[in-house]
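Colleague: Okay, here's the structure, questions in a sec.
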Amino acid sequence: MSQNPVYMGAPSSTGRFGDFGGRFVPEALMPACLELEAAFIDAWSDPVFIDEYRSVLQEFGGRPTPVTYLGRFSKLFGVEVFAKREDLAHTGSHKINNVVGQTLLTRRMGKTRVIAETGAGQHGVATATAAARLGLECTVFMGELDTQRQVLNVFRMELLGSKVVAVTSGSRTLKDAVNEAMREWVSCVQDTHYCLGSVMGPHPFPWMVREFQSIIGQEAEEQLRLRGVGVPDMVVACVGGGSNAAGIFAGFANSSARLVGVEAAGGAAVTNGSPGILHGMKSMLIQSEHGQIEEAHSISAGLDYPGIGPEHAYLAASGRAEYVSIGDEDVLVALQTLSELEGIIPALESAHAVAWIMQEAGLAIPRGSTVLLNLSGRGDKDVAQVRDILRGRE
Amino acid sequence: MKSLEVTLRELRDSGRKALVPYFMAGVTPDWTQHVAAAVLGGADAIEIGIPFSDPMMDGIVIQRAAERSLEAGTTLDSICAQLSARDLGAPLIAMTYYNLFHHYGLRRAAGLLAQGGVVGAIVPDLTLEESDEWREVCDETDIATIFLVAPSTTEDRFARLAQATQGFCYASARMAVTGRAQGAGDATRVVEAVRATSDVPTYVGIGITSPQQAREATEHSDGVIVGSALVETILKGASPADTEAFIRTFRSVIDE
């Protein structure tokens, strides 16, 4: 008798999810990756650490976040949509879950400083926040282009006591911020932890970040069960690197729910990419015919990334999850629709998931289906940008 | 044993310290002339940088050189074609990131390099643990795979890396990417850690910017790699004759 495969368990000892993942870093960083792996395995089996992680997320992070039934939206589109409200978590997105875990781990490893990369600024603000809470020194690397697109988030990080470094190399966006953070890590690995913001990078980051984010899926599974909805027909989340999607998928990976990741059309690594190696991992990447990594293009800085976390590449290859993409125009419409119908302004990233539901309701999503939408972040950070775009058209 | 290692062991046994300059392929139209000039000036082997869009181990100088080269349309094919067109007179060692080889297909990439006369490869993001497939492919050719060790390398890893490396062992003097730090740093300790487990030639790189630093580094090692300091002069418009003079100065100070 053959058993069904178990999804979203621990990776192999070399950090592989199927053919993806692994560890592709300079030798200078290998000892730090090995140290981090050992420290995470130790902490994640220590009830004292897990208790602290959970209680910090409760009293500081605002967890559990609610599940909201989107009544008017559901009626209009003919599907039953429940939103997991990560937009209500402290700092405005799911990013707090990961940084609380990683900063506690930083302290446990005896390190005193964290560095981080950020695209839209959500992960940078979250890291600055968690670092301030523990008195850790914090430096955030941000593409110069993104520092211009997200001026207020730069100021937020500075208010929280962090230093923001504008990265001027390459495309001056998220992928270059990751490169620069990795370079910085080489020179300060002794006392500094690299607080990576998504389910990407070298082993153990993709696994560790997914574990710290899986609280989203665990809560949502219980919340839907308790309100009598049970397992939804479908779970939908936006995907850049893929941490919010990994977090919510983890609660349903071995259930009957269809899992759908929505990428930005200009950064659709699963749809348009091919296997490759970047930022310490083997995954699906958008690259030229000669193997150069290409620049992603998205209205949302957080999805402006030419790759995807390796576990998503595996979930796609194995057929367990589906990956689709949505263009900037549909995202703008979705953001306005959800705002007007439900009183929730979603982040541009999260609006990709909303847009896909609007597009596919009655098509890929059969009428009457129950859909769990991960509303990964709130749109406050994006309103100035959206206003400028919409006004420009009047 | 790969021919590169035979050559470099003979060089060491002859009492000469190796001088290995780094050039970014395609950074200028006359880049192979710079390589030939370096050989005339006294270089013993040449590191050929193959540009990659996301050079994680490189500082700003080599990043800029890579960007310039890519803007000029450089590819692995074009570099190997240029290299196969002439004999540059010294062993050639490719330095790039694993995605390029992976994307071309390991066997095809190794074949292109071999056709270009390349006899070694440094792939800084290819860890020992992930390198089996690449090394098997290289064993069908004469390409040596060179591993780096760093000040952070642990004792058990020094032993495994020194065993696995072919040609020479690349000892990072500092915890830094290329072109960011100056001086020998922890070079002596790193080189001694390699020598404790292997007699492979060991060269010091990362942080060698002046002839004096090169000389100091070779007092406790078998050679030096000079990268960003040289690439910077080429970015600023140095001619092949300038490159020859640059190398000649390093050579004479090392040999004093």
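Labels used: A, B, ... for chains in the order of the structure tokens, numbers from 1 for residues in each chain, and numbers from 1 for ligands as shown.
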Within 6 Å of chain A, which residues of chain B show up? Give each one with its shortest atom-to-atom distance in Å (one decimal) and the two atoms involved, counting only C-alpha atoms, rows by chain then rising residue number, as a tab-separated table.
Modeller:
```
residue	atom	partner	partner_atom	distance
B:Ser53	CA	A:Gln292	CA	5.5
B:Met56	CA	A:Asn179	CA	5.4
B:Asn99	CA	A:Ile277	CA	4.8
B:Leu100	CA	A:Gly291	CA	5.1
B:His103	CA	A:Gly291	CA	5.4
B:Pro124	CA	A:Pro26	CA	5.2
B:Asp125	CA	A:Val25	CA	4.4
B:Leu126	CA	A:Phe24	CA	5.4
B:Thr127	CA	A:Phe24	CA	5.8
B:Ala150	CA	A:Ala28	CA	5.2
B:Ser152	CA	A:Ala28	CA	5.7
B:Met175	CA	A:Ser187	CA	4.8
B:Ala176	CA	A:Ser187	CA	4.7
```
Colleague: Could you please take those selected residues and save N, CA and C atoms as a short mmCIF file (atom, residue, chain, number, x, y, z; two decimals), in the first residue's frame?
Modeller:
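And here's selection_16.cif as it stands now:
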```cif
data_model
loop_
_atom_site.label_atom_id
_atom_site.label_comp_id
_atom_site.auth_asym_id
_atom_site.auth_seq_id
_atom_site.Cartn_x
_atom_site.Cartn_y
_atom_site.Cartn_z
N SER B 53 25.21 38.54 -12.98
CA SER B 53 24.37 39.67 -12.56
C SER B 53 24.36 39.89 -11.05
N MET B 56 27.60 37.72 -5.37
CA MET B 56 27.44 37.80 -3.92
C MET B 56 28.75 37.97 -3.15
N ASN B 99 25.26 29.64 -10.84
CA ASN B 99 24.08 29.67 -11.70
C ASN B 99 24.44 29.59 -13.18
N LEU B 100 25.55 30.23 -13.57
CA LEU B 100 25.92 30.21 -14.99
C LEU B 100 26.17 28.79 -15.47
N HIS B 103 22.94 26.82 -15.44
CA HIS B 103 22.01 27.21 -16.49
C HIS B 103 22.45 26.67 -17.85
N PRO B 124 32.64 30.56 -6.03
CA PRO B 124 32.58 30.84 -4.59
C PRO B 124 31.27 30.46 -3.92
N ASP B 125 30.17 30.38 -4.68
CA ASP B 125 28.92 30.00 -4.01
C ASP B 125 28.62 28.51 -4.15
N LEU B 126 29.57 27.76 -4.67
CA LEU B 126 29.38 26.31 -4.74
C LEU B 126 30.07 25.70 -3.53
N THR B 127 29.27 25.31 -2.56
CA THR B 127 29.85 24.74 -1.34
C THR B 127 30.35 23.33 -1.62
N ALA B 150 38.25 30.22 4.65
CA ALA B 150 38.10 31.57 5.20
C ALA B 150 38.50 31.56 6.67
N SER B 152 36.70 32.06 9.06
CA SER B 152 35.64 31.43 9.86
C SER B 152 35.58 29.91 9.68
N MET B 175 37.54 38.27 6.52
CA MET B 175 36.10 38.06 6.43
C MET B 175 35.53 39.26 5.69
N ALA B 176 35.57 39.18 4.39
CA ALA B 176 35.08 40.30 3.59
C ALA B 176 34.89 39.82 2.16
#
```
Colleague: Can you check which residues of stretch 66-161 of chain B DSSP gives as helix (DSSP H, G or I) on the backbone and send them as a compact mmCIF listing (two decimals) with N, CA and C atoms, in the first residue's frame?
Modeller:
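Below is the file result37.txt, written as the result:
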```txt
# COMPACT_ATOMS: atom_id res chain seq x y z
N ALA B 66 31.62 43.80 -13.74
CA ALA B 66 30.68 42.79 -14.26
C ALA B 66 29.53 43.47 -14.99
N GLU B 67 29.02 44.54 -14.40
CA GLU B 67 27.91 45.26 -15.04
C GLU B 67 28.34 45.80 -16.41
N ARG B 68 29.54 46.37 -16.44
CA ARG B 68 30.02 46.93 -17.70
C ARG B 68 30.17 45.83 -18.76
N SER B 69 30.71 44.72 -18.33
CA SER B 69 30.92 43.61 -19.25
C SER B 69 29.58 43.06 -19.78
N LEU B 70 28.61 42.92 -18.87
CA LEU B 70 27.30 42.40 -19.29
C LEU B 70 26.61 43.37 -20.24
N GLU B 71 26.77 44.68 -19.96
CA GLU B 71 26.17 45.68 -20.85
C GLU B 71 26.76 45.59 -22.25
N LEU B 76 29.13 33.53 -21.52
CA LEU B 76 30.11 32.45 -21.34
C LEU B 76 30.62 31.98 -22.71
N ASP B 77 29.72 31.89 -23.69
CA ASP B 77 30.13 31.49 -25.04
C ASP B 77 31.14 32.46 -25.63
N SER B 78 30.82 33.76 -25.50
CA SER B 78 31.70 34.75 -26.15
C SER B 78 33.08 34.75 -25.51
N ILE B 79 33.13 34.59 -24.20
CA ILE B 79 34.42 34.57 -23.51
C ILE B 79 35.24 33.36 -23.96
N CYS B 80 34.60 32.20 -23.97
CA CYS B 80 35.34 30.98 -24.32
C CYS B 80 35.81 31.04 -25.77
N ALA B 81 35.00 31.65 -26.63
CA ALA B 81 35.41 31.79 -28.03
C ALA B 81 36.64 32.69 -28.13
N GLN B 82 36.63 33.80 -27.38
CA GLN B 82 37.79 34.71 -27.41
C GLN B 82 39.05 34.03 -26.85
N LEU B 83 38.85 33.25 -25.80
CA LEU B 83 40.01 32.59 -25.19
C LEU B 83 40.60 31.51 -26.10
N SER B 84 39.72 30.83 -26.85
CA SER B 84 40.23 29.73 -27.69
C SER B 84 40.96 30.27 -28.92
N TYR B 98 27.72 29.84 -9.55
CA TYR B 98 27.27 28.53 -10.00
C TYR B 98 26.09 28.59 -10.95
N ASN B 99 25.26 29.64 -10.84
CA ASN B 99 24.08 29.67 -11.70
C ASN B 99 24.44 29.59 -13.18
N LEU B 100 25.55 30.23 -13.57
CA LEU B 100 25.92 30.21 -14.99
C LEU B 100 26.17 28.79 -15.47
N PHE B 101 26.94 28.04 -14.72
CA PHE B 101 27.24 26.66 -15.12
C PHE B 101 25.97 25.81 -15.09
N HIS B 102 25.19 26.01 -14.04
CA HIS B 102 23.94 25.26 -13.90
C HIS B 102 23.00 25.55 -15.07
N HIS B 103 22.94 26.82 -15.44
CA HIS B 103 22.01 27.21 -16.49
C HIS B 103 22.45 26.67 -17.85
N TYR B 104 23.74 26.70 -18.13
CA TYR B 104 24.23 26.16 -19.40
C TYR B 104 24.14 24.63 -19.43
N LEU B 106 25.95 21.59 -16.75
CA LEU B 106 27.33 21.47 -16.24
C LEU B 106 28.27 20.94 -17.30
N ARG B 107 27.81 19.94 -18.06
CA ARG B 107 28.70 19.31 -19.04
C ARG B 107 29.02 20.28 -20.18
N ARG B 108 28.01 21.01 -20.61
CA ARG B 108 28.22 21.98 -21.69
C ARG B 108 29.14 23.10 -21.23
N ALA B 109 28.92 23.59 -19.99
CA ALA B 109 29.76 24.67 -19.47
C ALA B 109 31.22 24.22 -19.37
N ALA B 110 31.41 23.03 -18.82
CA ALA B 110 32.78 22.52 -18.68
C ALA B 110 33.42 22.35 -20.05
N GLY B 111 32.64 21.90 -21.02
CA GLY B 111 33.15 21.71 -22.37
C GLY B 111 33.58 23.03 -23.00
N LEU B 112 32.75 24.07 -22.81
CA LEU B 112 33.10 25.39 -23.34
C LEU B 112 34.39 25.91 -22.72
N LEU B 113 34.48 25.76 -21.39
CA LEU B 113 35.69 26.23 -20.70
C LEU B 113 36.91 25.49 -21.21
N ALA B 114 36.77 24.17 -21.35
CA ALA B 114 37.91 23.37 -21.80
C ALA B 114 38.34 23.80 -23.21
N GLN B 115 37.35 24.06 -24.07
CA GLN B 115 37.68 24.53 -25.43
C GLN B 115 38.42 25.86 -25.40
N LEU B 128 31.28 22.90 -0.80
CA LEU B 128 31.80 21.53 -0.92
C LEU B 128 30.65 20.53 -0.94
N GLU B 129 29.66 20.76 -0.09
CA GLU B 129 28.54 19.83 0.06
C GLU B 129 27.69 19.72 -1.21
N GLU B 130 27.66 20.78 -2.01
CA GLU B 130 26.82 20.79 -3.21
C GLU B 130 27.63 20.51 -4.48
N ASP B 132 29.44 17.80 -5.70
CA ASP B 132 29.75 16.47 -6.26
C ASP B 132 29.51 16.40 -7.77
N GLU B 133 28.34 16.89 -8.18
CA GLU B 133 27.97 16.76 -9.59
C GLU B 133 28.95 17.54 -10.48
N TRP B 134 29.27 18.75 -10.07
CA TRP B 134 30.20 19.59 -10.84
C TRP B 134 31.57 18.93 -10.92
N ARG B 135 32.05 18.41 -9.81
CA ARG B 135 33.39 17.81 -9.80
C ARG B 135 33.44 16.55 -10.65
N GLU B 136 32.33 15.80 -10.66
CA GLU B 136 32.30 14.61 -11.52
C GLU B 136 32.40 15.00 -12.99
N VAL B 137 31.68 16.05 -13.36
CA VAL B 137 31.74 16.53 -14.74
C VAL B 137 33.15 17.01 -15.07
N CYS B 138 33.76 17.75 -14.15
CA CYS B 138 35.12 18.25 -14.39
C CYS B 138 36.12 17.12 -14.52
N GLU B 155 37.76 23.62 11.89
CA GLU B 155 38.87 22.68 11.73
C GLU B 155 38.51 21.51 10.81
N ASP B 156 37.35 20.92 11.03
CA ASP B 156 36.97 19.76 10.20
C ASP B 156 36.77 20.18 8.75
N ARG B 157 36.31 21.41 8.54
CA ARG B 157 36.10 21.87 7.16
C ARG B 157 37.42 22.19 6.47
N PHE B 158 38.38 22.74 7.22
CA PHE B 158 39.71 22.97 6.64
C PHE B 158 40.23 21.67 6.03
N ALA B 159 40.10 20.61 6.80
CA ALA B 159 40.65 19.32 6.34
C ALA B 159 39.93 18.85 5.08
N ARG B 160 38.60 18.94 5.08
CA ARG B 160 37.84 18.43 3.93
C ARG B 160 38.06 19.30 2.69
N LEU B 161 38.12 20.62 2.90
CA LEU B 161 38.30 21.53 1.76
C LEU B 161 39.71 21.40 1.18
```
Colleague: Under the rule that only C-alpha atoms are counted, which of A:Asp304, A:Val99, A:Leu136, A:His203 is the nearest residue to A:Ala38?
Modeller: A:His203
Colleague: Could you list, with a cut-off of 12 Å and counting only C-alpha atoms, the residues of stretch 85-118 of chain A near stretch 334-354 of chain A, each shown with its nearest atom pair and the distance in Å rounded to one decimal, rows sorted by chain and ascending number, as CSV?
Modeller:
```
residue,atom,partner,partner_atom,distance
A:Arg85,CA,A:Ile344,CA,9.7
A:Glu86,CA,A:Ser350,CA,9.9
A:Asp87,CA,A:Pro346,CA,7.4
A:Leu88,CA,A:Ile344,CA,10.3
A:Gly92,CA,A:Ala347,CA,9.1
A:Ser93,CA,A:Ala347,CA,8.7
A:His94,CA,A:Ser350,CA,10.9
```
Colleague: Go ahead and save the residues from that selection, with N, CA and C atoms, as a compact mmCIF listing (two decimals), in the first residue's frame.
Modeller:
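In the end it all went to selection_16.txt:
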```
# COMPACT_ATOMS: atom_id res chain seq x y z
N ARG A 85 -6.56 37.77 8.71
CA ARG A 85 -6.25 39.19 8.80
C ARG A 85 -4.84 39.48 9.32
N GLU A 86 -3.85 39.09 8.54
CA GLU A 86 -2.47 39.43 8.93
C GLU A 86 -2.22 40.93 8.84
N ASP A 87 -3.11 41.64 8.14
CA ASP A 87 -2.99 43.10 8.09
C ASP A 87 -3.19 43.72 9.46
N LEU A 88 -3.81 42.97 10.38
CA LEU A 88 -4.05 43.51 11.72
C LEU A 88 -2.92 43.19 12.69
N GLY A 92 1.69 45.79 10.71
CA GLY A 92 0.85 45.82 9.52
C GLY A 92 0.98 44.67 8.56
N SER A 93 1.69 43.64 8.94
CA SER A 93 1.75 42.47 8.05
C SER A 93 2.22 41.24 8.83
N HIS A 94 2.20 40.12 8.11
CA HIS A 94 2.65 38.85 8.69
C HIS A 94 4.13 38.84 9.04
```
Colleague: What is the atom CA of A:Ile299-atom CA of A:Asp388 distance in Å, reported with one decimal?
Modeller: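 Distance between the two atoms: 12.3 Å.
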Colleague: Would you compute the distance between atom CA of A:Ala89 and atom CA of A:Gly62? Give it in Å to one decimal.
Modeller: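 Calculated distance between atom CA of A:Ala89 and atom CA of A:Gly62 is 5.3 Å.
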Colleague: Please provide as a list in words all residues within 9 Å of B:Pro91, with the sequence filter that same-chain residues fewer than 2 positions apart are discarded (counting only C-alpha atoms).
Modeller: Leu4, Thr7, Asp44, Ala45, Ile46, Glu47, Leu88, Gly89, Ile93, Gly117, Val118, Val119 and Gly120 of chain B
Colleague: Given the choices A:Glu222, A:Cys195, A:Gly110, A:Leu372, which gets closest to A:Ala131 if the distance is worked out from only C-alpha atoms?
Modeller: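 That would be A:Cys195, the residue with the smallest distance to A:Ala131.
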Colleague: Write out as number ranges by chain the residues lying within 9 Å of B:Gln166, counting only C-alpha atoms and excluding same-chain residues fewer than 2 positions away.
Modeller: B: 1-2, 4-5, 120, 143-147, 162-164, 168-169, 200
Colleague: Those residues with N, CA and C atoms, as an mmCIF file, in the first residue's frame please?
Modeller:
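This went into selection04.cif:
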```
data_model
loop_
_atom_site.group_PDB
_atom_site.id
_atom_site.type_symbol
_atom_site.label_atom_id
_atom_site.label_comp_id
_atom_site.auth_asym_id
_atom_site.auth_seq_id
_atom_site.Cartn_x
_atom_site.Cartn_y
_atom_site.Cartn_z
ATOM 1 N N MET B 1 46.239 13.645 -11.136
ATOM 2 C CA MET B 1 46.304 15.054 -10.754
ATOM 3 C C MET B 1 46.080 15.950 -11.984
ATOM 4 N N LYS B 2 45.273 17.000 -11.803
ATOM 5 C CA LYS B 2 44.991 17.906 -12.913
ATOM 6 C C LYS B 2 46.269 18.676 -13.290
ATOM 7 N N LEU B 4 46.786 21.697 -13.891
ATOM 8 C CA LEU B 4 46.999 22.949 -13.159
ATOM 9 C C LEU B 4 47.805 22.697 -11.886
ATOM 10 N N GLU B 5 47.424 21.641 -11.187
ATOM 11 C CA GLU B 5 48.115 21.373 -9.921
ATOM 12 C C GLU B 5 49.564 20.938 -10.167
ATOM 13 N N GLY B 120 41.026 25.585 -14.743
ATOM 14 C CA GLY B 120 40.596 25.616 -13.350
ATOM 15 C C GLY B 120 39.331 26.435 -13.208
ATOM 16 N N ILE B 143 39.757 20.241 -16.045
ATOM 17 C CA ILE B 143 39.452 21.427 -15.232
ATOM 18 C C ILE B 143 39.542 21.086 -13.740
ATOM 19 N N ALA B 144 40.364 21.837 -13.036
ATOM 20 C CA ALA B 144 40.504 21.678 -11.587
ATOM 21 C C ALA B 144 39.455 22.546 -10.891
ATOM 22 N N THR B 145 38.884 22.041 -9.800
ATOM 23 C CA THR B 145 37.944 22.842 -9.008
ATOM 24 C C THR B 145 38.665 23.338 -7.759
ATOM 25 N N ILE B 146 38.695 24.659 -7.624
ATOM 26 C CA ILE B 146 39.452 25.280 -6.533
ATOM 27 C C ILE B 146 38.482 25.743 -5.453
ATOM 28 N N PHE B 147 38.732 25.325 -4.226
ATOM 29 C CA PHE B 147 37.873 25.740 -3.121
ATOM 30 C C PHE B 147 38.524 26.842 -2.303
ATOM 31 N N ALA B 162 40.699 21.259 2.060
ATOM 32 C CA ALA B 162 42.084 21.134 1.589
ATOM 33 C C ALA B 162 42.269 19.824 0.831
ATOM 34 N N GLN B 163 41.542 18.804 1.227
ATOM 35 C CA GLN B 163 41.596 17.531 0.506
ATOM 36 C C GLN B 163 40.915 17.648 -0.858
ATOM 37 N N ALA B 164 39.811 18.359 -0.879
ATOM 38 C CA ALA B 164 38.986 18.387 -2.095
ATOM 39 C C ALA B 164 39.529 19.346 -3.158
ATOM 40 N N PHE B 168 45.166 24.631 -6.418
ATOM 41 C CA PHE B 168 45.635 25.300 -5.203
ATOM 42 C C PHE B 168 44.448 25.499 -4.275
ATOM 43 N N CYS B 169 44.744 25.921 -3.063
ATOM 44 C CA CYS B 169 43.686 26.256 -2.119
ATOM 45 C C CYS B 169 43.670 27.771 -1.988
ATOM 46 N N VAL B 200 48.877 20.874 -0.610
ATOM 47 C CA VAL B 200 48.447 21.576 -1.826
ATOM 48 C C VAL B 200 48.960 23.026 -1.768
#
```
Colleague: If you run DSSP on the backbone, which residues of stretch 107-215 of chain B are strand (DSSP E), as a ChimeraX atom specification?
Modeller: /B:118-122,144-146,148-149,169-172,202-205
Colleague: Taking C-alpha atoms for each residue, export the selection above as a CSV table (one decimal), in the first residue's frame.
Modeller:
```
chain,number,residue,atom,x,y,z
B,118,VAL,CA,40.6,27.0,-19.1
B,119,VAL,CA,42.1,24.6,-16.6
B,120,GLY,CA,40.6,25.6,-13.3
B,121,ALA,CA,37.4,27.0,-11.9
B,122,ILE,CA,36.6,29.0,-8.7
B,144,ALA,CA,40.5,21.7,-11.6
B,145,THR,CA,37.9,22.8,-9.0
B,146,ILE,CA,39.5,25.3,-6.5
B,148,LEU,CA,38.1,28.7,-0.8
B,149,VAL,CA,38.8,28.6,2.9
B,169,CYS,CA,43.7,26.3,-2.1
B,170,TYR,CA,42.3,29.8,-2.1
B,171,ALA,CA,42.8,31.3,1.4
B,172,SER,CA,40.7,34.3,2.1
B,202,THR,CA,48.0,27.7,-0.9
B,203,TYR,CA,47.4,31.2,-2.2
B,204,VAL,CA,46.2,34.3,-0.3
B,205,GLY,CA,43.5,36.5,-1.8
```
